[in-house]
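What follows is one structure encoded as structure tokens, with my remarks underneath.
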Protein chains: 2
Amino acid sequence: MTGTDFLVTFTPSGRRGTVAGGRSVLDVARELGADIDSVCGGRSICGRCQVTIGSAPGVPASAELLTPPGPTELDYRGKRPLAADHRLACAAQVRGDVVIDVPPQSQVHRQVVRKRAEVIDIDVDPVVRLYYVEVAPPNLDDASSDLGRILAALEEQWGLGSLTADSAVLPVLQAALRKGDWNVTVAVHDGGVVTGVWPGFRDVALGVAYDVGSTTVAAHLCDLTSGDILASAGAMNPQIRFGEDLMSRVSYVMMNPGGEERLAAAIRQTMDELIGELVEQADVARDDILEVTVVGNPIMHHLVLGIDPTPLGTAPFALAVDGAVRGRVAEIGLDVHPGARLYLLPCIAGHVGADAAGAVLSEGPHRREAVQLLVDVGTNAEIVLGSSGRLLAASSPTGPAFEGAQISSGQRAAPGAIERVRIDRTTLEPRFRVIGSDLWSDDDGFAESIAATGVTGICGSGIIEVVAELYLAGVISQDGIIGGDHERVVADGRTNSYVLKGGSPPVLVTQNDVRAIQLAKAALYAGIKLLMEHLGVDAVDEIRLAGAFGSHIDTKYAMVLGLIPDCDLSQVSAAGNAAGTGSMMALLSWEARREIEQVASEIEKIETATEPEFQDLFVSAMGIPNSTDRFPQLASVVTLPAAQPASARPERRRRRVSQKGSAGD
Amino acid sequence: MTGTDFLVTFTPSGRRGTVAGGRSVLDVARELGADIDSVCGGRSICGRCQVTIGSAPGVPASAELLTPPGPTELDYRGKRPLAADHRLACAAQVRGDVVIDVPPQSQVHRQVVRKRAEVIDIDVDPVVRLYYVEVAPPNLDDASSDLGRILAALEEQWGLGSLTADSAVLPVLQAALRKGDWNVTVAVHDGGVVTGVWPGFRDVALGVAYDVGSTTVAAHLCDLTSGDILASAGAMNPQIRFGEDLMSRVSYVMMNPGGEERLAAAIRQTMDELIGELVEQADVARDDILEVTVVGNPIMHHLVLGIDPTPLGTAPFALAVDGAVRGRVAEIGLDVHPGARLYLLPCIAGHVGADAAGAVLSEGPHRREAVQLLVDVGTNAEIVLGSSGRLLAASSPTGPAFEGAQISSGQRAAPGAIERVRIDRTTLEPRFRVIGSDLWSDDDGFAESIAATGVTGICGSGIIEVVAELYLAGVISQDGIIGGDHERVVADGRTNSYVLKGGSPPVLVTQNDVRAIQLAKAALYAGIKLLMEHLGVDAVDEIRLAGAFGSHIDTKYAMVLGLIPDCDLSQVSAAGNAAGTGSMMALLSWEARREIEQVASEIEKIETATEPEFQDLFVSAMGIPNSTDRFPQLASVVTLPAAQPASARPERRRRRVSQKGSAGD
């Protein structure tokens, strides 16, 4: 060590080493492996390498430890202004033992806390990165090609070897080089392929994360570097015109040869229209979009890829492909940058799709000690249970009752639908709320507030609540029988119906409606119990309800009805759009892709249809649970009606539960 | 070693080893590394593994050394009938010390001698191979996907690990598996990517090799397994409507923004139409085509890829990309199998394109001890010189005179064009032949034989011959001056013209025509000499003239005029469509691709435009050589006129030779 060597320490990484004085902080960081971002490669253009002088025991902070700002820094007017006390790591040189603090926004692998959409930490670790390079001009004595000189510059200036170029960039690189006076910014995907070339310095790399649901499609436009969400948009899934639920779309394909191509074209067109909305909202160009990720249930996943989904409609429910699918976005017809890459998260099993994989990625049961139950309820319930030690997944054939289908007054969650219900324990009179109004039906002004739609029916969360409230009010027995002899109850042949709202047409809760909910909740509960038995646990530590259904139901009523197992209610919560968040994580992080591919391949798949126990669990889950038996936690939340004698139970019809005719989310 | 072990020897590979009796010959071959083909994987379906019993000193041939044919072989009625004495290696079992002869058609790496097109040996070493696999059916207890089970079967049954699937096969694999009752044939490209899946056993894998010239486009349909050419087709390059020669097409793009897209669309459409012709000729399907290769001069190469060729039109003539380009055939819009892959051979330098690389691959100067000169003459001459030790390449700006352009009566080689000329040494009367007729102009019936076209002009080979004949007859001096005072010579201002054919309009050879040929041949010769000086040789051992021009000119006249250096005339020959043959080799052989990529990167590129010596070589090559100075070999072939005094030489105008405005073939 000579007199001009200094000890440099980087925080928060803790990297440190002794280096010769006079070297730039960025240089030293690279040598010591400290994470400092740079797109321009140390040319004081991009402003990403800003650092501050920190301190450590025995090493006080002092501006003297770096060379003073020269004209480059003093005059720096780049896109990312130089904050007070901030230095450009590429310009400041070491001249003393110094602690350098690298703020999060100057790290390549930074952590972003979502502000909009879901609140979740995402490690930004972009799959595509931008590199600014100064390329040698062509010259008569050197026959190397434009691409050859770009690749040589990437190797020399960034240490990136063994790169290849996507054929889509070949037609643009000449013009970019000439327009940029031989300086270009290059997008490198996955450390291996050049997917874009632009003239001069450029700092824009965007991506779109899709969540393709059977009813709605959501898309988020993200800055791949900062992780910021620039815009979000949603649309109805246009495949609805081919069939309201998943199985009717599968039937459409079965009956219409080539139907999968029509369904694929429809969803792809909507996905492309959403890009139009996103770029307009954010005032960016389609060409700025370099990455696209997609999650969806297995049928949506297959249809986005143009794969016939009919094998998913019948046992043994074989997926065409289950691993992550990589391709070019152009292959699914979206108009974005021609080199843009497509990534579909892996599917876990025939009915546990890339949407469940996205939810696992964002909820992270495999990253926790506690046993988590993650449920996404749709036409099928996708169930994941476990912890860091072991993870299991299954789907259960709940059918569409929870979505308002197969319910006499049922409808999709849309303005006019009853979504909240309370029933007076004494008078048995109901009050309710309707989507589109903040008032209860017995509030002043309610009728005016819903004048536009009226009351059109009852949606999934409404039907859960009304059945639970009817049970709590003693109208429905533990076996699900609607009792008689009240003015709100009308007889219809051998069964009764509860009049939730009079008028014409009325909104009734029929005995068949209650049966449909019982069947659905029994299937869900049996699936969960089956996984609990496989995992060998009697209780779960946490329950997360993903998706729109999970966001809208009141977890208390879900537990009253026995949709979910007994659990401290404070530990039951909605996971929001967990699948979409997972799609965004895969968009922003290479490591997230690696993680979910690993986890998806390791999850144990339990097939409910072939588990003999499932039938028994299903039958015993038909009744509504009582605090005295399976749900001790409930006692603190609601007052349950007294248990009824077993003789009052209805005949136990063994319904054959098969997954035939059901699939997806 | 026990009593049931036997010594098995394979010919011609020489692989041998001691193995337990009772094992199949195919099994043993795999263990010992002997090359025996099989698509069905030893299931007695494909018939590719046919072998015969051979002999060696001490090991006489005897049918007893293998188990006798069982019902499988006796009843074998596959696509490749079992020849007499042939055995299926997968069925016959070893029961003695035996020599197994593997005939060429049963080897994976077989050598094919071309029957049609060019006669050349090609090692067939397919880039795409077919594998028959028996895939496990899906089952409720195993959630693995169709693709997952196919990949598992490929690993288990063929030892192929780490495969991925092209996204284009995802939509077809379900149907293939189900139609094939879980048995499918899989195409694996380059040992890494599944590019096709078909139901059951399949034995068809085809490819198309293109040679995209500026005037014509040729395509050959090949069986990728046997190497057989199944069909050939050609068409005019439709870009001619945008400009007859290369430079006028480059000008079109310069003047019309986006013009490269129109030129690309035109050539791609013609390439696609050729596929239509090929599959009709061979009675196969477009979907059978799994590989496509392309050669072309740099401008054609760029336009096929949709790359703007204008940088190739001005110094420093920078290629956008020079290495081999790999992509999907779909990217250039050809309607073939959706998983089909595209391969463009590398370009060597700005004016030495993938066509020259193809010619190098097929001619193989780098594989020889002798010094070979390989010349492809077009608007630019592409010149390659050297041997296994060292290879050099350059292009020389010959201009289009050799193609009949810039010649007063010049035209493309087409019916009606004069292609052969003889001039009586005494009377100076000419006779000639015309494309479309087998008769000479002084034969009986000549006029009738060309009635359809008449005599329309003179093509490249005709102009070479007439100038050489005029020189040999003493009409033209060594300096290129047309002498006067003969009824066949007419004066036109200060210069003379020779009347090759009277009538209206006449076919004249003007002084300017002779000058244009002198300039062209001087450029070619100077380029060759420059490479010879760089290589340090005074003479070459062999000269190969590639392309249409090389096939049509009489090499004797080429040497009389001094287009090519002095060489034993028996060693000067036409290489035919060497570039197209190279395209075919790259289609049929993985090793050929590796070879040309290696060679192209190692060839030394000489840029004539910046070599000061080139100007001097050019000027001194303007005169027509005399046997007494540079061309001793000529004396044995023709009688040369006496040398003229130096004073008769015309003024030596130094023409600035620049490659501006010239490019490609």
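We name chains A, B, ... following the order of the structure tokens; residues begin at 1 in each chain, and ligands are numbered from 1 as shown.
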
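Neighbouring residues of Ala575 of chain A at 10 Å or closer, counting only C-alpha atoms and skipping chain neighbours under 3 positions away, are Glu118, Ala359, Ser362, Glu363, Leu374, Val375, Asp376, Ile543, Arg544, Leu545, Ala546, Gly547, Ala548, Gly550, Ser551, Val572, Ala578, Ala579 and Thr581 of chain A.
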
Save the residues we just selected, N, CA, C and O atoms, as a PDB file, in the first residue's frame?
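For reference, part-v5.pdb as written:
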ATOM      1  N   GLU A 118     -51.415  -2.389  -6.047  1.00  0.00           N
ATOM      2  CA  GLU A 118     -51.226  -3.018  -4.753  1.00  0.00           C
ATOM      3  C   GLU A 118     -49.993  -2.434  -4.076  1.00  0.00           C
ATOM      4  O   GLU A 118     -49.041  -2.042  -4.716  1.00  0.00           O
ATOM      5  N   ALA A 359     -50.119 -15.128  -8.243  1.00  0.00           N
ATOM      6  CA  ALA A 359     -50.531 -14.875  -6.862  1.00  0.00           C
ATOM      7  C   ALA A 359     -49.496 -15.434  -5.889  1.00  0.00           C
ATOM      8  O   ALA A 359     -49.152 -14.803  -4.888  1.00  0.00           O
ATOM      9  N   SER A 362     -46.539 -13.093  -5.789  1.00  0.00           N
ATOM     10  CA  SER A 362     -46.699 -11.839  -5.050  1.00  0.00           C
ATOM     11  C   SER A 362     -46.996 -12.077  -3.571  1.00  0.00           C
ATOM     12  O   SER A 362     -46.540 -11.329  -2.717  1.00  0.00           O
ATOM     13  N   GLU A 363     -47.745 -13.141  -3.239  1.00  0.00           N
ATOM     14  CA  GLU A 363     -48.056 -13.402  -1.832  1.00  0.00           C
ATOM     15  C   GLU A 363     -46.900 -14.086  -1.115  1.00  0.00           C
ATOM     16  O   GLU A 363     -46.702 -13.909   0.079  1.00  0.00           O
ATOM     17  N   LEU A 374     -53.905 -19.634   0.330  1.00  0.00           N
ATOM     18  CA  LEU A 374     -54.117 -18.625  -0.703  1.00  0.00           C
ATOM     19  C   LEU A 374     -55.201 -19.155  -1.622  1.00  0.00           C
ATOM     20  O   LEU A 374     -55.051 -20.232  -2.206  1.00  0.00           O
ATOM     21  N   VAL A 375     -56.317 -18.439  -1.693  1.00  0.00           N
ATOM     22  CA  VAL A 375     -57.465 -18.938  -2.442  1.00  0.00           C
ATOM     23  C   VAL A 375     -57.883 -17.908  -3.482  1.00  0.00           C
ATOM     24  O   VAL A 375     -58.032 -16.725  -3.171  1.00  0.00           O
ATOM     25  N   ASP A 376     -58.034 -18.356  -4.716  1.00  0.00           N
ATOM     26  CA  ASP A 376     -58.596 -17.487  -5.749  1.00  0.00           C
ATOM     27  C   ASP A 376     -59.863 -18.175  -6.237  1.00  0.00           C
ATOM     28  O   ASP A 376     -59.822 -19.281  -6.771  1.00  0.00           O
ATOM     29  N   ILE A 543     -54.963 -16.523   6.002  1.00  0.00           N
ATOM     30  CA  ILE A 543     -55.759 -16.810   4.807  1.00  0.00           C
ATOM     31  C   ILE A 543     -55.782 -15.565   3.943  1.00  0.00           C
ATOM     32  O   ILE A 543     -56.083 -14.468   4.422  1.00  0.00           O
ATOM     33  N   ARG A 544     -55.448 -15.731   2.665  1.00  0.00           N
ATOM     34  CA  ARG A 544     -55.470 -14.617   1.723  1.00  0.00           C
ATOM     35  C   ARG A 544     -56.445 -14.971   0.606  1.00  0.00           C
ATOM     36  O   ARG A 544     -56.335 -16.031  -0.021  1.00  0.00           O
ATOM     37  N   LEU A 545     -57.399 -14.086   0.382  1.00  0.00           N
ATOM     38  CA  LEU A 545     -58.415 -14.319  -0.638  1.00  0.00           C
ATOM     39  C   LEU A 545     -58.101 -13.417  -1.831  1.00  0.00           C
ATOM     40  O   LEU A 545     -58.207 -12.191  -1.745  1.00  0.00           O
ATOM     41  N   ALA A 546     -57.700 -14.035  -2.914  1.00  0.00           N
ATOM     42  CA  ALA A 546     -57.237 -13.261  -4.071  1.00  0.00           C
ATOM     43  C   ALA A 546     -58.374 -13.003  -5.042  1.00  0.00           C
ATOM     44  O   ALA A 546     -59.413 -13.649  -5.005  1.00  0.00           O
ATOM     45  N   GLY A 547     -58.149 -12.043  -5.919  1.00  0.00           N
ATOM     46  CA  GLY A 547     -59.086 -11.795  -7.003  1.00  0.00           C
ATOM     47  C   GLY A 547     -60.235 -10.900  -6.591  1.00  0.00           C
ATOM     48  O   GLY A 547     -60.361 -10.480  -5.439  1.00  0.00           O
ATOM     49  N   ALA A 548     -61.095 -10.616  -7.548  1.00  0.00           N
ATOM     50  CA  ALA A 548     -62.209  -9.694  -7.321  1.00  0.00           C
ATOM     51  C   ALA A 548     -63.138 -10.225  -6.240  1.00  0.00           C
ATOM     52  O   ALA A 548     -63.574  -9.494  -5.346  1.00  0.00           O
ATOM     53  N   GLY A 550     -62.463 -12.213  -3.763  1.00  0.00           N
ATOM     54  CA  GLY A 550     -61.817 -12.072  -2.456  1.00  0.00           C
ATOM     55  C   GLY A 550     -61.859 -10.646  -1.943  1.00  0.00           C
ATOM     56  O   GLY A 550     -61.920 -10.403  -0.733  1.00  0.00           O
ATOM     57  N   SER A 551     -61.838  -9.673  -2.861  1.00  0.00           N
ATOM     58  CA  SER A 551     -61.854  -8.274  -2.446  1.00  0.00           C
ATOM     59  C   SER A 551     -63.231  -7.831  -2.016  1.00  0.00           C
ATOM     60  O   SER A 551     -63.373  -6.873  -1.269  1.00  0.00           O
ATOM     61  N   VAL A 572     -57.326 -13.077   8.246  1.00  0.00           N
ATOM     62  CA  VAL A 572     -58.006 -13.355   6.975  1.00  0.00           C
ATOM     63  C   VAL A 572     -58.142 -12.035   6.235  1.00  0.00           C
ATOM     64  O   VAL A 572     -58.673 -11.071   6.774  1.00  0.00           O
ATOM     65  N   ALA A 578     -53.720 -10.225  -6.726  1.00  0.00           N
ATOM     66  CA  ALA A 578     -52.407 -10.827  -6.484  1.00  0.00           C
ATOM     67  C   ALA A 578     -51.804 -11.358  -7.779  1.00  0.00           C
ATOM     68  O   ALA A 578     -50.598 -11.268  -8.000  1.00  0.00           O
ATOM     69  N   ALA A 579     -52.649 -11.899  -8.653  1.00  0.00           N
ATOM     70  CA  ALA A 579     -52.131 -12.450  -9.897  1.00  0.00           C
ATOM     71  C   ALA A 579     -51.511 -11.354 -10.754  1.00  0.00           C
ATOM     72  O   ALA A 579     -50.411 -11.503 -11.300  1.00  0.00           O
ATOM     73  N   THR A 581     -50.334  -8.528  -9.714  1.00  0.00           N
ATOM     74  CA  THR A 581     -49.109  -8.064  -9.083  1.00  0.00           C
ATOM     75  C   THR A 581     -47.954  -9.006  -9.410  1.00  0.00           C
ATOM     76  O   THR A 581     -46.831  -8.572  -9.662  1.00  0.00           O
TER      77      THR A 581
END

Just want the 12 Å neighbourhood of Leu439 of chain B, counted on only C-alpha atoms, with same-chain residues fewer than 3 positions away dropped. Output as a compact mmCIF listing (two decimals) with N, CA, C and O atoms, in the first residue's frame.
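What landed in selection-v4.txt:
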# COMPACT_ATOMS: atom_id res chain seq x y z
N ILE B 418 -26.46 -12.08 -79.15
CA ILE B 418 -25.26 -12.74 -79.69
C ILE B 418 -24.39 -13.17 -78.52
O ILE B 418 -24.06 -12.36 -77.65
N GLU B 419 -24.03 -14.49 -78.48
CA GLU B 419 -23.24 -14.97 -77.35
C GLU B 419 -21.89 -15.55 -77.76
O GLU B 419 -21.03 -15.75 -76.92
N ARG B 420 -21.74 -15.88 -79.04
CA ARG B 420 -20.48 -16.45 -79.53
C ARG B 420 -20.12 -15.72 -80.81
O ARG B 420 -21.00 -15.47 -81.64
N ARG B 431 -18.77 -14.40 -87.90
CA ARG B 431 -19.94 -15.27 -87.80
C ARG B 431 -20.24 -15.38 -86.31
O ARG B 431 -19.35 -15.19 -85.48
N PHE B 432 -21.49 -15.65 -86.00
CA PHE B 432 -21.86 -15.61 -84.58
C PHE B 432 -23.01 -16.57 -84.30
O PHE B 432 -23.65 -17.09 -85.22
N ARG B 433 -23.18 -16.81 -83.02
CA ARG B 433 -24.35 -17.60 -82.59
C ARG B 433 -25.20 -16.74 -81.66
O ARG B 433 -24.69 -15.83 -80.99
N VAL B 434 -26.49 -17.06 -81.63
CA VAL B 434 -27.46 -16.26 -80.89
C VAL B 434 -28.14 -17.17 -79.86
O VAL B 434 -28.40 -18.33 -80.15
N ILE B 435 -28.38 -16.64 -78.69
CA ILE B 435 -29.08 -17.43 -77.66
C ILE B 435 -30.46 -17.80 -78.21
O ILE B 435 -31.19 -16.96 -78.72
N GLY B 436 -30.80 -19.08 -78.12
CA GLY B 436 -32.08 -19.55 -78.64
C GLY B 436 -31.90 -20.39 -79.91
O GLY B 436 -32.85 -21.03 -80.36
N ASP B 442 -23.66 -18.40 -90.26
CA ASP B 442 -23.43 -18.76 -91.66
C ASP B 442 -23.93 -20.17 -91.97
O ASP B 442 -23.67 -20.70 -93.03
N ASP B 443 -24.61 -20.80 -90.99
CA ASP B 443 -25.21 -22.11 -91.26
C ASP B 443 -26.51 -21.95 -92.02
O ASP B 443 -27.20 -20.93 -91.89
N ASP B 444 -26.86 -23.01 -92.80
CA ASP B 444 -28.16 -23.00 -93.46
C ASP B 444 -29.27 -23.01 -92.40
O ASP B 444 -29.17 -23.73 -91.41
N GLY B 445 -30.29 -22.24 -92.64
CA GLY B 445 -31.45 -22.26 -91.74
C GLY B 445 -31.31 -21.36 -90.54
O GLY B 445 -32.18 -21.34 -89.67
N PHE B 446 -30.18 -20.63 -90.44
CA PHE B 446 -29.97 -19.78 -89.26
C PHE B 446 -31.10 -18.76 -89.12
O PHE B 446 -31.68 -18.61 -88.05
N ALA B 447 -31.40 -18.08 -90.23
CA ALA B 447 -32.40 -17.01 -90.17
C ALA B 447 -33.73 -17.54 -89.65
O ALA B 447 -34.38 -16.93 -88.79
N GLU B 448 -34.12 -18.76 -90.15
CA GLU B 448 -35.39 -19.33 -89.71
C GLU B 448 -35.33 -19.67 -88.22
O GLU B 448 -36.31 -19.53 -87.48
N SER B 449 -34.12 -20.14 -87.80
CA SER B 449 -34.03 -20.63 -86.42
C SER B 449 -34.18 -19.50 -85.41
O SER B 449 -34.46 -19.76 -84.24
N ILE B 450 -33.95 -18.27 -85.86
CA ILE B 450 -34.08 -17.16 -84.89
C ILE B 450 -35.23 -16.24 -85.27
O ILE B 450 -35.30 -15.09 -84.80

Shortest contact to chain B, candidates A:His552, A:Arg412, A:Arg341, A:Arg328, atoms counted only C-alpha atoms, goes to A:Arg328

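Within 6 Å of chain A, chain B contributes the residues Asn139, Leu140, Ala143, Ser145, Asp146, Leu147, Pro171, Gly306, Ile307, Pro316, Ala318, Leu319, Ala320, Val321, Asp322 and Ala349 of chain B, using only C-alpha atoms.
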
Deliver the residues from the most recent selection as a file, using N, CA, C and O atoms, as a short mmCIF file (atom, residue, chain, number, x, y, z; two decimals), in the first residue's frame.
data_model
loop_
_atom_site.label_atom_id
_atom_site.label_comp_id
_atom_site.auth_asym_id
_atom_site.auth_seq_id
_atom_site.Cartn_x
_atom_site.Cartn_y
_atom_site.Cartn_z
N ASN B 139 -52.43 -38.13 -17.25
CA ASN B 139 -53.12 -38.92 -16.25
C ASN B 139 -53.36 -38.04 -15.05
O ASN B 139 -52.60 -37.13 -14.76
N LEU B 140 -54.48 -38.28 -14.42
CA LEU B 140 -54.93 -37.38 -13.37
C LEU B 140 -53.94 -37.27 -12.23
O LEU B 140 -53.91 -36.27 -11.52
N ALA B 143 -49.61 -34.11 -13.06
CA ALA B 143 -50.08 -32.85 -13.64
C ALA B 143 -49.17 -32.34 -14.75
O ALA B 143 -49.33 -31.22 -15.20
N SER B 145 -47.47 -31.38 -18.25
CA SER B 145 -48.13 -30.94 -19.48
C SER B 145 -47.75 -31.84 -20.65
O SER B 145 -46.82 -32.64 -20.58
N ASP B 146 -48.48 -31.66 -21.75
CA ASP B 146 -48.16 -32.39 -22.97
C ASP B 146 -46.71 -32.14 -23.37
O ASP B 146 -45.97 -33.07 -23.69
N LEU B 147 -46.31 -30.88 -23.36
CA LEU B 147 -44.93 -30.57 -23.74
C LEU B 147 -43.95 -31.20 -22.76
O LEU B 147 -42.94 -31.77 -23.17
N PRO B 171 -49.32 -24.59 -30.24
CA PRO B 171 -50.72 -24.83 -30.62
C PRO B 171 -50.98 -26.18 -31.30
O PRO B 171 -52.13 -26.55 -31.43
N GLY B 306 -34.96 -7.03 -45.09
CA GLY B 306 -35.64 -5.76 -44.89
C GLY B 306 -34.71 -4.66 -44.40
O GLY B 306 -35.16 -3.66 -43.83
N ILE B 307 -33.41 -4.82 -44.60
CA ILE B 307 -32.44 -3.83 -44.15
C ILE B 307 -32.15 -2.86 -45.29
O ILE B 307 -31.92 -3.27 -46.43
N PRO B 316 -17.93 4.18 -46.44
CA PRO B 316 -17.06 3.00 -46.46
C PRO B 316 -17.79 1.68 -46.63
O PRO B 316 -17.28 0.65 -46.20
N ALA B 318 -20.44 0.06 -45.37
CA ALA B 318 -20.60 -0.74 -44.13
C ALA B 318 -21.81 -1.66 -44.21
O ALA B 318 -22.93 -1.22 -44.47
N LEU B 319 -21.58 -2.93 -43.96
CA LEU B 319 -22.67 -3.89 -43.80
C LEU B 319 -23.39 -3.61 -42.49
O LEU B 319 -22.77 -3.20 -41.51
N ALA B 320 -24.70 -3.88 -42.47
CA ALA B 320 -25.41 -3.79 -41.19
C ALA B 320 -25.02 -4.97 -40.31
O ALA B 320 -24.83 -4.85 -39.11
N VAL B 321 -24.92 -6.13 -40.93
CA VAL B 321 -24.57 -7.33 -40.18
C VAL B 321 -23.72 -8.20 -41.10
O VAL B 321 -23.99 -8.28 -42.30
N ASP B 322 -22.68 -8.80 -40.56
CA ASP B 322 -21.85 -9.64 -41.42
C ASP B 322 -21.88 -11.11 -41.01
O ASP B 322 -21.73 -11.98 -41.85
N ALA B 349 -17.48 -9.19 -46.63
CA ALA B 349 -17.14 -7.77 -46.53
C ALA B 349 -18.22 -6.98 -47.26
O ALA B 349 -19.17 -7.56 -47.81
#

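Once Ser395 of chain A and its same-chain neighbours fewer than 4 positions away are set aside, His351, Val352, Asn380, Ala381, Glu382, Ile383 and Gly527 of chain A remain within 7 Å of it when counting only C-alpha atoms.
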
Filtered DSSP result for segment 28-213 of chain B, state alpha helix (DSSP H), as JSON, numbers by chain:
{"B": [28, 29, 30, 31, 32, 71, 72, 73, 74, 146, 147, 148, 149, 150, 151, 152, 153, 154, 155, 156, 157, 158, 170, 171, 172, 173, 174, 175, 176, 177, 178, 179]}

Taking into account only C-alpha atoms, which residue in the set B:Leu160, B:Cys40, B:Leu66, B:Leu154 is nearest to Gly200 of chain B?
B:Cys40

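Inside segment 224-329 of chain B, the residues DSSP reads as strand (DSSP E or B) when given the backbone are Ile229, Leu230, Ala231, Ser232, Ala233, Gly234, Ala235, Met236, Ile289, Leu290, Glu291, Val292, Thr293, Val294, Val295, Gly296, Val325, Arg326, Gly327 and Arg328 of chain B.
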